[in-house]
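Student: If it helps, the file is called work.pdb and holds PDB, C-alpha atoms:
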ATOM      1  CA  MET A   1      76.519  -5.843  62.036
ATOM      2  CA  SER A   2      72.880  -5.485  62.869
ATOM      3  CA  ARG A   3      70.399  -5.212  60.068
ATOM      4  CA  LEU A   4      66.986  -3.583  59.818
ATOM      5  CA  MET A   5      64.235  -5.037  57.690
ATOM      6  CA  ARG A   6      60.535  -4.715  57.097
ATOM      7  CA  THR A   7      58.363  -7.660  58.088
ATOM      8  CA  SER A   8      56.695  -7.496  54.669
ATOM      9  CA  GLU A   9      60.094  -8.154  53.076
ATOM     10  CA  VAL A  10      60.656 -11.248  55.215
ATOM     11  CA  ILE A  11      57.371 -12.825  54.154
ATOM     12  CA  GLY A  12      57.862 -15.056  51.120
ATOM     13  CA  ARG A  13      61.588 -15.434  51.716
ATOM     14  CA  PRO A  14      62.802 -19.005  51.084
ATOM     15  CA  VAL A  15      63.879 -21.191  54.000
ATOM     16  CA  VAL A  16      67.077 -22.932  52.887
ATOM     17  CA  THR A  17      69.106 -25.710  54.554
ATOM     18  CA  LEU A  18      72.888 -25.886  54.553
ATOM     19  CA  ASN A  19      72.451 -28.654  51.983
ATOM     20  CA  GLY A  20      71.011 -26.096  49.592
ATOM     21  CA  GLN A  21      67.415 -27.252  49.747
ATOM     22  CA  ASP A  22      64.545 -24.769  49.910
ATOM     23  CA  ILE A  23      62.169 -26.606  52.207
ATOM     24  CA  ALA A  24      59.583 -23.834  52.645
ATOM     25  CA  GLN A  25      58.981 -20.119  52.546
ATOM     26  CA  ILE A  26      58.047 -17.696  55.302
ATOM     27  CA  LYS A  27      54.291 -17.302  55.513
ATOM     28  CA  ASP A  28      54.073 -14.997  58.497
ATOM     29  CA  VAL A  29      56.071 -13.651  61.403
ATOM     30  CA  VAL A  30      55.054 -14.774  64.902
ATOM     31  CA  TYR A  31      55.922 -12.376  67.711
ATOM     32  CA  SER A  32      56.877 -13.712  71.105
ATOM     33  CA  ALA A  33      55.021 -12.854  74.281
ATOM     34  CA  GLY A  34      54.938  -9.083  74.715
ATOM     35  CA  GLY A  35      55.313  -8.431  71.010
ATOM     36  CA  GLY A  36      58.803  -6.973  71.319
ATOM     37  CA  ALA A  37      60.683  -9.756  69.581
ATOM     38  CA  VAL A  38      60.256 -12.344  66.862
ATOM     39  CA  GLY A  39      59.451 -15.773  68.295
ATOM     40  CA  GLY A  40      59.302 -17.647  65.034
ATOM     41  CA  PHE A  41      57.642 -18.037  61.686
ATOM     42  CA  THR A  42      54.765 -19.914  60.137
ATOM     43  CA  LEU A  43      55.664 -21.586  56.863
ATOM     44  CA  ALA A  44      54.136 -22.161  53.464
ATOM     45  CA  GLY A  45      55.239 -24.591  50.799
ATOM     46  CA  ARG A  46      57.355 -23.477  47.868
ATOM     47  CA  GLY A  47      55.772 -23.126  44.467
ATOM     48  CA  LEU A  48      52.630 -21.765  42.968
ATOM     49  CA  PHE A  49      49.997 -24.112  44.337
ATOM     50  CA  SER A  50      51.367 -24.957  47.752
ATOM     51  CA  GLY A  51      49.546 -23.736  50.816
ATOM     52  CA  PRO A  52      50.395 -23.306  54.486
ATOM     53  CA  LEU A  53      52.439 -26.041  56.160
ATOM     54  CA  LYS A  54      51.826 -27.783  59.479
ATOM     55  CA  GLN A  55      55.402 -27.014  60.411
ATOM     56  CA  GLY A  56      56.714 -23.771  61.827
ATOM     57  CA  LEU A  57      60.140 -22.415  62.571
ATOM     58  CA  SER A  58      61.082 -21.115  66.002
ATOM     59  CA  TRP A  59      63.552 -18.234  66.088
ATOM     60  CA  SER A  60      66.051 -20.375  68.021
ATOM     61  CA  ALA A  61      66.221 -22.760  65.048
ATOM     62  CA  VAL A  62      67.145 -20.001  62.603
ATOM     63  CA  MET A  63      70.852 -19.753  61.751
ATOM     64  CA  ALA A  64      70.531 -16.483  59.885
ATOM     65  CA  LEU A  65      67.783 -14.200  58.637
ATOM     66  CA  GLY A  66      69.470 -12.767  55.562
ATOM     67  CA  PRO A  67      68.348 -10.368  52.860
ATOM     68  CA  ASP A  68      67.708 -13.208  50.388
ATOM     69  CA  ALA A  69      66.993 -16.293  52.472
ATOM     70  CA  VAL A  70      66.367 -17.688  55.940
ATOM     71  CA  MET A  71      69.099 -20.210  56.682
ATOM     72  CA  ILE A  72      68.559 -23.299  58.844
ATOM     73  CA  ARG A  73      70.882 -26.233  59.596
ATOM     74  CA  ASP A  74      68.642 -28.946  58.146
ATOM     75  CA  GLU A  75      64.989 -29.833  57.787
ATOM     76  CA  ASP A  76      64.905 -31.489  61.235
ATOM     77  CA  VAL A  77      64.916 -28.118  63.024
ATOM     78  CA  VAL A  78      61.291 -27.275  62.096
ATOM     79  CA  SER A  79      58.674 -27.800  64.791
ATOM     80  CA  SER A  80      54.905 -27.957  64.745
ATOM     81  CA  VAL A  81      53.190 -24.684  63.959
ATOM     82  CA  THR A  82      50.880 -24.928  67.005
ATOM     83  CA  GLU A  83      53.947 -25.066  69.237
ATOM     84  CA  ILE A  84      55.210 -21.822  67.708
ATOM     85  CA  LEU A  85      51.841 -20.117  68.001
ATOM     86  CA  ASP A  86      51.287 -21.305  71.596
ATOM     87  CA  ALA A  87      54.600 -19.862  72.685
ATOM     88  CA  SER A  88      53.550 -16.491  71.327
ATOM     89  CA  VAL A  89      50.105 -16.161  72.879
ATOM     90  CA  ARG A  90      49.830 -12.809  74.611
ATOM     91  CA  PRO A  91      47.507 -12.569  77.576
ATOM     92  CA  GLY A  92      44.718 -10.223  76.554
ATOM     93  CA  GLY A  93      46.637  -9.174  73.485
ATOM     94  CA  SER A  94      45.788  -9.210  69.843
ATOM     95  CA  GLY A  95      48.186 -11.969  68.851
ATOM     96  CA  GLY A  96      50.696  -9.507  67.571
ATOM     97  CA  ASN A  97      48.804  -8.299  64.545
ATOM     98  CA  VAL A  98      49.258  -4.554  64.582
ATOM     99  CA  LEU A  99      48.926  -3.790  60.866
ATOM    100  CA  GLY A 100      46.259  -1.121  60.485
ATOM    101  CA  SER A 101      46.308  -0.223  64.184
ATOM    102  CA  GLU A 102      46.299   3.448  65.128
ATOM    103  CA  VAL A 103      49.402   4.712  66.875
ATOM    104  CA  LEU A 104      48.459   6.925  69.822
ATOM    105  CA  THR A 105      50.849   8.693  72.162
ATOM    106  CA  ASP A 106      50.237   8.436  75.900
ATOM    107  CA  THR A 107      49.248  12.090  75.678
ATOM    108  CA  GLY A 108      46.430  11.163  73.288
ATOM    109  CA  ILE A 109      47.774  12.319  69.955
ATOM    110  CA  LEU A 110      47.243  10.184  66.872
ATOM    111  CA  LEU A 111      50.537   9.740  65.014
ATOM    112  CA  GLY A 112      49.255   7.546  62.198
ATOM    113  CA  THR A 113      48.419   3.952  61.277
ATOM    114  CA  VAL A 114      50.821   1.036  61.197
ATOM    115  CA  VAL A 115      51.660  -0.167  57.669
ATOM    116  CA  ASP A 116      54.705  -2.321  58.434
ATOM    117  CA  VAL A 117      56.742  -3.652  61.345
ATOM    118  CA  ILE A 118      60.492  -3.016  61.409
ATOM    119  CA  LEU A 119      62.738  -5.791  62.729
ATOM    120  CA  GLU A 120      66.337  -5.583  63.802
ATOM    121  CA  VAL A 121      68.516  -8.683  63.560
ATOM    122  CA  SER A 122      71.471  -8.064  65.825
ATOM    123  CA  GLU A 123      74.899  -9.633  66.112
ATOM    124  CA  ARG A 124      73.737 -11.308  69.300
ATOM    125  CA  ARG A 125      71.326 -13.257  67.103
ATOM    126  CA  THR A 126      68.187 -11.708  68.499
ATOM    127  CA  CYS A 127      65.391 -10.409  66.318
ATOM    128  CA  ASP A 128      63.650  -7.465  67.921
ATOM    129  CA  VAL A 129      60.720  -5.342  66.904
ATOM    130  CA  VAL A 130      62.262  -1.866  66.943
ATOM    131  CA  GLY A 131      59.705   0.244  65.161
ATOM    132  CA  TYR A 132      56.761   0.666  62.868
ATOM    133  CA  GLU A 133      56.483   2.116  59.437
ATOM    134  CA  VAL A 134      53.580   4.476  59.870
ATOM    135  CA  SER A 135      51.294   6.201  57.451
ATOM    136  CA  ALA A 136      51.678   9.596  59.076
ATOM    137  CA  SER A 137      48.874  11.718  60.454
ATOM    138  CA  GLU A 138      48.894  15.513  60.251
ATOM    139  CA  ALA A 139      49.974  15.731  63.898
ATOM    140  CA  LEU A 140      53.394  14.426  62.918
ATOM    141  CA  GLY A 141      53.867  17.400  60.633
ATOM    142  CA  THR A 142      56.135  15.492  58.271
ATOM    143  CA  HIS A 143      56.312  15.998  54.554
ATOM    144  CA  SER A 144      56.485  12.337  53.633
ATOM    145  CA  ALA A 145      53.400  10.166  53.839
ATOM    146  CA  LYS A 146      55.243   7.255  55.413
ATOM    147  CA  VAL A 147      57.731   7.540  58.233
ATOM    148  CA  PHE A 148      59.554   5.215  60.607
ATOM    149  CA  LEU A 149      58.557   5.442  64.255
ATOM    150  CA  PRO A 150      60.836   3.962  66.944
ATOM    151  CA  LEU A 151      59.345   1.806  69.684
ATOM    152  CA  PRO A 152      60.319   1.361  73.324
ATOM    153  CA  ASP A 153      61.371  -2.121  74.514
ATOM    154  CA  THR A 154      57.873  -2.808  75.758
ATOM    155  CA  LEU A 155      54.583  -1.315  74.739
ATOM    156  CA  SER A 156      50.909  -2.004  75.034
ATOM    157  CA  ALA A 157      48.900  -2.875  72.000
ATOM    158  CA  SER A 158      45.335  -3.935  71.331
ATOM    159  CA  GLY A 159      43.961  -4.779  67.926
ATOM    160  CA  GLU A 160      42.805  -1.179  67.804
ATOM    161  CA  HIS A 161      45.610   0.976  69.190
ATOM    162  CA  VAL A 162      49.318   0.924  69.878
ATOM    163  CA  MET A 163      50.397   3.201  72.716
ATOM    164  CA  VAL A 164      53.771   4.913  72.460
ATOM    165  CA  PRO A 165      55.473   7.514  74.658
ATOM    166  CA  ALA A 166      54.961  11.067  73.431
ATOM    167  CA  ALA A 167      58.730  11.377  72.872
ATOM    168  CA  ALA A 168      58.585   8.839  70.002
ATOM    169  CA  LYS A 169      57.365  11.689  67.810
ATOM    170  CA  ASP A 170      60.731  13.425  68.102
ATOM    171  CA  PHE A 171      62.696  10.429  66.826
ATOM    172  CA  VAL A 172      60.888   9.793  63.569
ATOM    173  CA  ALA A 173      63.122   8.796  60.643
ATOM    174  CA  HIS A 174      62.338   9.179  56.966
ATOM    175  CA  ASP A 175      64.403   6.274  55.708
ATOM    176  CA  LEU A 176      65.501   2.909  57.069
ATOM    177  CA  ALA A 177      69.176   3.831  56.775
ATOM    178  CA  GLY A 178      68.927   6.462  59.470
ATOM    179  CA  PHE A 179      66.410   4.571  61.562
ATOM    180  CA  GLY A 180      68.837   2.372  63.529
ATOM    181  CA  ALA A 181      70.411   5.448  65.090
ATOM    182  CA  ALA A 182      66.979   6.971  65.776
ATOM    183  CA  VAL A 183      65.856   3.869  67.698
ATOM    184  CA  LYS A 184      69.013   3.917  69.816
ATOM    185  CA  ALA A 185      68.631   7.634  70.566
ATOM    186  CA  PHE A 186      64.957   7.201  71.428
ATOM    187  CA  ARG A 187      65.529   4.281  73.794
ATOM    188  CA  LYS A 188      68.397   6.075  75.468
ATOM    189  CA  ASN A 189      66.141   9.074  75.941
ATOM    190  CA  LEU A 190      63.503   6.881  77.641
ATOM    191  CA  GLU A 191      66.085   5.340  79.971
ATOM    192  CA  GLY A 192      67.217   8.841  80.934
ATOM    193  CA  GLN A 193      63.673   9.689  82.026
ATOM    194  CA  GLY A 194      63.211   6.481  83.996
TER     195      GLY A 194
ATOM    196  CA  MET B   1      91.692 -26.193  35.435
ATOM    197  CA  LEU B   2      88.261 -24.800  34.553
ATOM    198  CA  TYR B   3      85.144 -26.953  34.572
ATOM    199  CA  THR B   4      83.780 -25.453  31.360
ATOM    200  CA  GLN B   5      86.972 -26.394  29.532
ATOM    201  CA  VAL B   6      86.974 -30.058  30.541
ATOM    202  CA  LYS B   7      83.430 -30.842  29.437
ATOM    203  CA  GLY B   8      83.660 -33.072  26.354
ATOM    204  CA  ARG B   9      87.364 -33.794  26.863
ATOM    205  CA  LYS B  10      88.226 -37.320  25.723
ATOM    206  CA  VAL B  11      88.918 -40.108  28.160
ATOM    207  CA  VAL B  12      91.708 -42.398  26.891
ATOM    208  CA  SER B  13      92.793 -45.815  28.144
ATOM    209  CA  THR B  14      96.559 -45.994  28.591
ATOM    210  CA  GLY B  15      96.395 -49.789  28.224
ATOM    211  CA  THR B  16      94.733 -49.885  24.804
ATOM    212  CA  ALA B  17      95.367 -46.276  23.661
ATOM    213  CA  GLU B  18      91.714 -46.078  22.700
ATOM    214  CA  THR B  19      89.244 -43.325  23.483
ATOM    215  CA  VAL B  20      86.775 -44.869  25.885
ATOM    216  CA  GLY B  21      84.445 -41.880  26.221
ATOM    217  CA  ARG B  22      84.158 -38.146  26.840
ATOM    218  CA  VAL B  23      83.814 -36.148  30.049
ATOM    219  CA  ALA B  24      80.161 -35.379  30.732
ATOM    220  CA  ASP B  25      80.284 -33.939  34.231
ATOM    221  CA  LEU B  26      82.320 -33.627  37.383
ATOM    222  CA  VAL B  27      80.832 -34.959  40.610
ATOM    223  CA  ILE B  28      81.718 -32.642  43.496
ATOM    224  CA  ASP B  29      81.516 -33.465  47.183
ATOM    225  CA  PRO B  30      80.768 -30.090  48.826
ATOM    226  CA  ARG B  31      81.881 -31.316  52.260
ATOM    227  CA  SER B  32      85.442 -32.073  51.194
ATOM    228  CA  HIS B  33      85.370 -29.430  48.376
ATOM    229  CA  THR B  34      86.779 -31.986  45.953
ATOM    230  CA  VAL B  35      85.902 -33.670  42.675
ATOM    231  CA  VAL B  36      85.181 -37.260  43.696
ATOM    232  CA  ALA B  37      84.253 -38.693  40.306
ATOM    233  CA  VAL B  38      83.854 -37.898  36.618
ATOM    234  CA  THR B  39      80.834 -38.972  34.620
ATOM    235  CA  VAL B  40      81.584 -40.151  31.096
ATOM    236  CA  ARG B  41      79.357 -40.391  28.045
ATOM    237  CA  GLY B  42      79.753 -42.577  24.951
ATOM    238  CA  SER B  43      81.466 -45.310  26.905
ATOM    239  CA  GLY B  44      80.902 -49.014  26.236
ATOM    240  CA  HIS B  45      81.497 -49.627  29.924
ATOM    241  CA  GLY B  46      79.933 -47.813  32.869
ATOM    242  CA  ASP B  47      79.382 -44.067  32.966
ATOM    243  CA  THR B  48      81.357 -43.144  36.081
ATOM    244  CA  VAL B  49      85.058 -43.125  36.893
ATOM    245  CA  LEU B  50      86.153 -42.421  40.438
ATOM    246  CA  TRP B  51      88.784 -39.703  40.866
ATOM    247  CA  SER B  52      91.099 -42.238  42.500
ATOM    248  CA  ASP B  53      90.956 -44.402  39.345
ATOM    249  CA  ILE B  54      92.084 -41.602  37.027
ATOM    250  CA  THR B  55      95.738 -41.799  35.921
ATOM    251  CA  ALA B  56      95.980 -38.143  34.927
ATOM    252  CA  PHE B  57      93.721 -35.183  34.221
ATOM    253  CA  GLY B  58      95.650 -33.704  31.298
ATOM    254  CA  THR B  59      94.975 -30.587  29.287
ATOM    255  CA  ASP B  60      94.150 -32.633  26.165
ATOM    256  CA  ALA B  61      92.878 -35.884  27.581
ATOM    257  CA  VAL B  62      91.907 -37.629  30.764
ATOM    258  CA  THR B  63      93.817 -40.903  31.024
ATOM    259  CA  VAL B  64      92.668 -44.058  32.784
ATOM    260  CA  PRO B  65      94.500 -47.422  33.069
ATOM    261  CA  ASP B  66      91.827 -49.172  31.001
ATOM    262  CA  GLY B  67      88.132 -49.022  30.194
ATOM    263  CA  GLU B  68      87.308 -51.382  33.050
ATOM    264  CA  VAL B  69      87.588 -48.587  35.636
ATOM    265  CA  LEU B  70      84.441 -47.074  34.117
ATOM    266  CA  LYS B  71      81.630 -48.479  36.225
ATOM    267  CA  GLY B  72      78.123 -47.713  37.261
ATOM    268  CA  ALA B  73      77.949 -44.992  39.926
ATOM    269  CA  ASN B  74      78.264 -46.309  43.457
ATOM    270  CA  ASP B  75      75.871 -45.074  46.142
ATOM    271  CA  ALA B  76      78.173 -42.334  47.384
ATOM    272  CA  VAL B  77      78.534 -40.892  43.881
ATOM    273  CA  LYS B  78      74.828 -41.291  43.102
ATOM    274  CA  GLU B  79      74.009 -39.222  46.155
ATOM    275  CA  LEU B  80      76.170 -36.362  44.879
ATOM    276  CA  SER B  81      75.287 -36.420  41.182
ATOM    277  CA  GLY B  82      72.255 -35.279  39.223
ATOM    278  CA  THR B  83      70.998 -31.807  38.446
ATOM    279  CA  ALA B  84      70.122 -31.113  42.090
ATOM    280  CA  HIS B  85      73.820 -31.292  42.913
ATOM    281  CA  ASP B  86      75.208 -29.481  39.881
ATOM    282  CA  VAL B  87      77.246 -26.542  41.078
ATOM    283  CA  LEU B  88      77.583 -24.869  37.697
ATOM    284  CA  GLY B  89      74.836 -22.322  37.076
ATOM    285  CA  LYS B  90      73.487 -22.619  40.618
ATOM    286  CA  ARG B  91      72.706 -19.580  42.767
ATOM    287  CA  VAL B  92      75.084 -19.054  45.652
ATOM    288  CA  LEU B  93      73.822 -18.228  49.166
ATOM    289  CA  THR B  94      76.007 -17.473  52.163
ATOM    290  CA  THR B  95      75.301 -18.992  55.575
ATOM    291  CA  ASP B  96      74.103 -15.447  56.447
ATOM    292  CA  GLY B  97      71.317 -15.761  53.892
ATOM    293  CA  GLU B  98      72.766 -13.368  51.346
ATOM    294  CA  GLN B  99      72.651 -14.212  47.646
ATOM    295  CA  LEU B 100      75.906 -13.621  45.758
ATOM    296  CA  GLY B 101      74.962 -14.595  42.185
ATOM    297  CA  SER B 102      75.260 -17.749  40.099
ATOM    298  CA  VAL B 103      78.276 -19.982  39.561
ATOM    299  CA  SER B 104      79.592 -19.383  36.040
ATOM    300  CA  ASP B 105      82.640 -21.660  36.332
ATOM    301  CA  ILE B 106      84.563 -23.851  38.748
ATOM    302  CA  ASP B 107      88.336 -23.971  39.014
ATOM    303  CA  PHE B 108      89.832 -27.207  40.325
ATOM    304  CA  ASP B 109      93.280 -28.679  40.877
ATOM    305  CA  PRO B 110      93.825 -31.391  38.207
ATOM    306  CA  GLN B 111      96.203 -33.244  40.529
ATOM    307  CA  SER B 112      94.236 -33.447  43.757
ATOM    308  CA  GLY B 113      90.724 -32.746  42.492
ATOM    309  CA  ALA B 114      90.355 -29.964  45.055
ATOM    310  CA  VAL B 115      87.831 -27.284  44.097
ATOM    311  CA  THR B 116      89.919 -24.128  44.399
ATOM    312  CA  VAL B 117      87.615 -21.363  43.175
ATOM    313  CA  LEU B 118      83.936 -20.801  42.411
ATOM    314  CA  VAL B 119      83.786 -18.200  39.649
ATOM    315  CA  LEU B 120      80.850 -15.775  39.886
ATOM    316  CA  PRO B 121      80.140 -12.652  37.849
ATOM    317  CA  SER B 122      80.393 -10.690  41.111
ATOM    318  CA  GLY B 123      83.818 -12.141  41.966
ATOM    319  CA  ASP B 124      85.660 -15.305  42.948
ATOM    320  CA  ILE B 125      84.870 -17.376  46.019
ATOM    321  CA  ALA B 126      87.393 -19.790  47.568
ATOM    322  CA  GLY B 127      86.311 -23.397  47.050
ATOM    323  CA  SER B 128      87.048 -24.124  50.701
ATOM    324  CA  ARG B 129      84.040 -21.971  51.671
ATOM    325  CA  LEU B 130      81.621 -24.465  50.101
ATOM    326  CA  VAL B 131      79.241 -26.009  52.652
ATOM    327  CA  GLY B 132      76.565 -27.789  50.647
ATOM    328  CA  VAL B 133      74.879 -28.017  47.268
ATOM    329  CA  GLY B 134      71.206 -28.733  46.740
ATOM    330  CA  PRO B 135      68.366 -28.125  44.307
ATOM    331  CA  TYR B 136      67.891 -24.492  45.373
ATOM    332  CA  ALA B 137      71.398 -23.219  45.976
ATOM    333  CA  ALA B 138      75.053 -23.800  46.687
ATOM    334  CA  ILE B 139      75.756 -22.674  50.257
ATOM    335  CA  VAL B 140      79.067 -21.031  51.161
ATOM    336  CA  HIS B 141      80.419 -19.813  54.497
ATOM    337  CA  ALA B 142      79.901 -16.079  54.976
ATOM    338  CA  ALA B 143      83.173 -14.195  54.463
TER     339      ALA B 143
END
Take the structure in this file and express it as structure tokens.
Tutor:
Amino acid sequence: MSRLMRTSEVIGRPVVTLNGQDIAQIKDVVYSAGGGAVGGFTLAGRGLFSGPLKQGLSWSAVMALGPDAVMIRDEDVVSSVTEILDASVRPGGSGGNVLGSEVLTDTGILLGTVVDVILEVSERRTCDVVGYEVSASEALGTHSAKVFLPLPDTLSASGEHVMVPAAAKDFVAHDLAGFGAAVKAFRKNLEGQG
Amino acid sequence: MLYTQVKGRKVVSTGTAETVGRVADLVIDPRSHTVVAVTVRGSGHGDTVLWSDITAFGTDAVTVPDGEVLKGANDAVKELSGTAHDVLGKRVLTTDGEQLGSVSDIDFDPQSGAVTVLVLPSGDIAGSRLVGVGPYAAIVHAA
């Protein structure tokens, strides 16, 4: 079963080995080149006074990204954080930080600003960026202040704007439960056009 | 037999018919899902008896051949004992990263020492699903 989650919910989640040890917690999500998938995580120590760690976790080392913990085999699977960050560098990109960016359609309509990134962990053990939670603009004409906007497989983003196809507007969901279906419908719609 | 019921049970030597101590804790090896040793308090000898040295795990007493089988913990037992490895009261995580609750009791087979069931408020989990136990959580295979 695939599972949708907000990036903000993943941050702070404990990283636990199969021996039941919590070796770290998720500090931030690192997106892989292109920004369409999760490449790994930076880590922070557990406990009140612990700061960022020199180790990071690549997505390939993750056994499961669950609702309560990130499971890894043992503490040997962590790698250096620079390795994780290097693998994610996007040529000319913003490093994957889209929070606060304005979402513009390719027809030049502002849909809102990004407040969270929605991830989908699939059965095939991939972790894709499938949408944004967006603080909606008036153009969206929705009643709720925050909506879920599906994303195509690839998109262009700068620190300032995220460009989406105009059709994204028609596949907005108001809750995460219905969002998985909306993403599928949206992507199918795009394929149909191409 | 339930873990919470055996705590404090007396340990009696069949050779001398004397009480040599009381059960303090069970030492569980999560890899084999079995009780590998019992720690004993109030003993004049050592504080650990290996499961293989126990004559019987009865409902009223644990019997051992004599007090001499109570020794200091060997390295294998030391590695599995201590609060970090206590299963009772520990949160349970599946290998999928889902939290199921905390272990409120452990059912084990008094003959073989096999851990048969982890009792949680949310329901029972087969002891054979146990993967590892550490300071943060007991890990079980996802159903």
Student: Closest to chain A among B:Gln111, B:Asp124, B:Asp66, B:Lys90, using only C-alpha atoms?
Tutor: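 Among B:Gln111, B:Asp124, B:Asp66, B:Lys90, it is B:Lys90 that comes nearest to chain A.
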Student: Run the PyMOL selection byres ((chain A and resi 180) around 9) against the file shown and list the residues it catches, as a ChimeraX atom specification.
Tutor: /A:2-4,120,130,150,176-179,181-185
Student: Near Thr42 of chain A, within 6 Å and counting all atoms listed in the file, which residues show up once chain neighbours fewer than 3 positions away are dropped, as a ChimeraX atom specification?
Tutor: /A:27-28,56
Student: If we count all atoms listed in the file and set the cut-off at 7 Å, which residues sit around Val36 of chain B, ignoring sequence neighbours fewer than 3 positions away in its own chain? Please answer as a VMD selection string.
Tutor: chain B and resid 27 to 29 50 to 51
Student: Let me see the file: selected residues, C-alpha atoms, as a tab-separated table (two decimals), in the frame of the given file.
Tutor:
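Below is the file that was written, selection28.tsv:
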chain	number	residue	atom	x	y	z
B	27	VAL	CA	80.83	-34.96	40.61
B	28	ILE	CA	81.72	-32.64	43.50
B	29	ASP	CA	81.52	-33.47	47.18
B	50	LEU	CA	86.15	-42.42	40.44
B	51	TRP	CA	88.78	-39.70	40.87
Student: Step by step, gather every atom of segment 111-129 of chain A that the file lists, find the box along x, y and z that holds them, add 6 Å on each side, and finally give centre and edge lengths in Å to one decimal, as lines of an AutoDock Vina configuration file.
Tutor:
center_x = 61.7
center_y = -1.8
center_z = 63.5
size_x = 38.5
size_y = 35.0
size_z = 23.6
Student: So which residues touch Ser58 of chain A within 7 Å, counting all atoms listed in the file, skipping near sequence neighbours fewer than 3 positions away, as a PDB file with C-alpha atoms, in the coordinates of the input?
Tutor:
ATOM      1  CA  GLY A  39      59.451 -15.773  68.295  1.00  0.00           C
ATOM      2  CA  GLY A  40      59.302 -17.647  65.034  1.00  0.00           C
ATOM      3  CA  PHE A  41      57.642 -18.037  61.686  1.00  0.00           C
ATOM      4  CA  ALA A  61      66.221 -22.760  65.048  1.00  0.00           C
ATOM      5  CA  ILE A  84      55.210 -21.822  67.708  1.00  0.00           C
TER       6      ILE A  84
END
Student: Report as a short mmCIF file (atom, residue, chain, number, x, y, z; two decimals) with C-alpha atoms, keeping the file's coordinate frame all protein, DNA and RNA residues lying within 10 Å of Asn74 of chain B, evaluated on all atoms listed in the file, omitting residues in the same chain fewer than 2 positions from it.
Tutor:
data_model
loop_
_atom_site.label_atom_id
_atom_site.label_comp_id
_atom_site.auth_asym_id
_atom_site.auth_seq_id
_atom_site.Cartn_x
_atom_site.Cartn_y
_atom_site.Cartn_z
CA THR B 48 81.36 -43.14 36.08
CA VAL B 49 85.06 -43.12 36.89
CA LEU B 50 86.15 -42.42 40.44
CA LYS B 71 81.63 -48.48 36.22
CA GLY B 72 78.12 -47.71 37.26
CA ALA B 76 78.17 -42.33 47.38
CA VAL B 77 78.53 -40.89 43.88
CA LYS B 78 74.83 -41.29 43.10
CA GLU B 79 74.01 -39.22 46.16
#
Student: Using the chain letters and numbers from this file, what does the PyMOL selection byres ((chain A) within 8 of (chain B)) select? Give the answer as a compact mmCIF listing (two decimals) with C-alpha atoms, in the frame of the given file.
Tutor:
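The resulting file, result-v5.txt, is shown below:
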# COMPACT_ATOMS: atom_id res chain seq x y z
CA VAL A 16 67.08 -22.93 52.89
CA LEU A 18 72.89 -25.89 54.55
CA ASN A 19 72.45 -28.65 51.98
CA GLY A 20 71.01 -26.10 49.59
CA GLN A 21 67.42 -27.25 49.75
CA ASP A 22 64.54 -24.77 49.91
CA MET A 63 70.85 -19.75 61.75
CA ALA A 64 70.53 -16.48 59.88
CA LEU A 65 67.78 -14.20 58.64
CA GLY A 66 69.47 -12.77 55.56
CA PRO A 67 68.35 -10.37 52.86
CA ASP A 68 67.71 -13.21 50.39
CA ALA A 69 66.99 -16.29 52.47
CA VAL A 70 66.37 -17.69 55.94
CA MET A 71 69.10 -20.21 56.68
Student: Determine the residue membership of the PyMOL selection byres ((chain B and resi 110) around 8) for the file above and supply it as JSON, numbers by chain.
Tutor: {"B": [1, 56, 57, 58, 108, 109, 111, 112, 113, 114]}
Student: Can you write out the residues you just picked, keeping C-alpha atoms, as a PDB file, in the frame of the given file?
Tutor:
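Result saved to selection_23.pdb:
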ATOM      1  CA  MET B   1      91.692 -26.193  35.435  1.00  0.00           C
ATOM      2  CA  ALA B  56      95.980 -38.143  34.927  1.00  0.00           C
ATOM      3  CA  PHE B  57      93.721 -35.183  34.221  1.00  0.00           C
ATOM      4  CA  GLY B  58      95.650 -33.704  31.298  1.00  0.00           C
ATOM      5  CA  PHE B 108      89.832 -27.207  40.325  1.00  0.00           C
ATOM      6  CA  ASP B 109      93.280 -28.679  40.877  1.00  0.00           C
ATOM      7  CA  GLN B 111      96.203 -33.244  40.529  1.00  0.00           C
ATOM      8  CA  SER B 112      94.236 -33.447  43.757  1.00  0.00           C
ATOM      9  CA  GLY B 113      90.724 -32.746  42.492  1.00  0.00           C
ATOM     10  CA  ALA B 114      90.355 -29.964  45.055  1.00  0.00           C
TER      11      ALA B 114
END
Student: Between atom CA of Ala73 of chain B and atom CA of Ala37 of chain B, measure the distance and give it in Å to one decimal.
Tutor: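 Interatomic distance, atom CA of Ala73 of chain B to atom CA of Ala37 of chain B: 8.9 Å.
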Student: Quick one: distance from atom CA of Pro121 of chain B to atom CA of Thr4 of chain B in Å, one decimal?
Tutor: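 Separating atom CA of Pro121 of chain B from atom CA of Thr4 of chain B is a distance of 14.8 Å.
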Student: Set the distance at 12 Å and use all atoms listed in the file: which residues neighbour Ala61 of chain B once local chain neighbours fewer than 6 positions away are removed? I'd like the list as a ChimeraX atom specification.
Tutor: /B:5-14,17-23,54-55,110
Student: Quick one: distance from atom CA of Asp75 of chain B to atom CA of Val78 of chain A in Å, one decimal?
Tutor: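 So the two atoms, atom CA of Asp75 of chain B and atom CA of Val78 of chain A, lie 28.0 Å apart.
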Student: Have a look at A:Trp59, A:Val10, A:Ser32, A:Val15 and name the one nearest to Gly45 of chain A; count only C-alpha atoms.
Tutor: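 Of all the options, A:Val15 lies closest to Gly45 of chain A.
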Student: From the list B:Glu68, B:Asp47, B:Asp107, B:Asp60, which residue is nearest Gly15 of chain B when using all atoms listed in the file?
Tutor: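 Closest to Gly15 of chain B, using all atoms listed in the file: B:Glu68.
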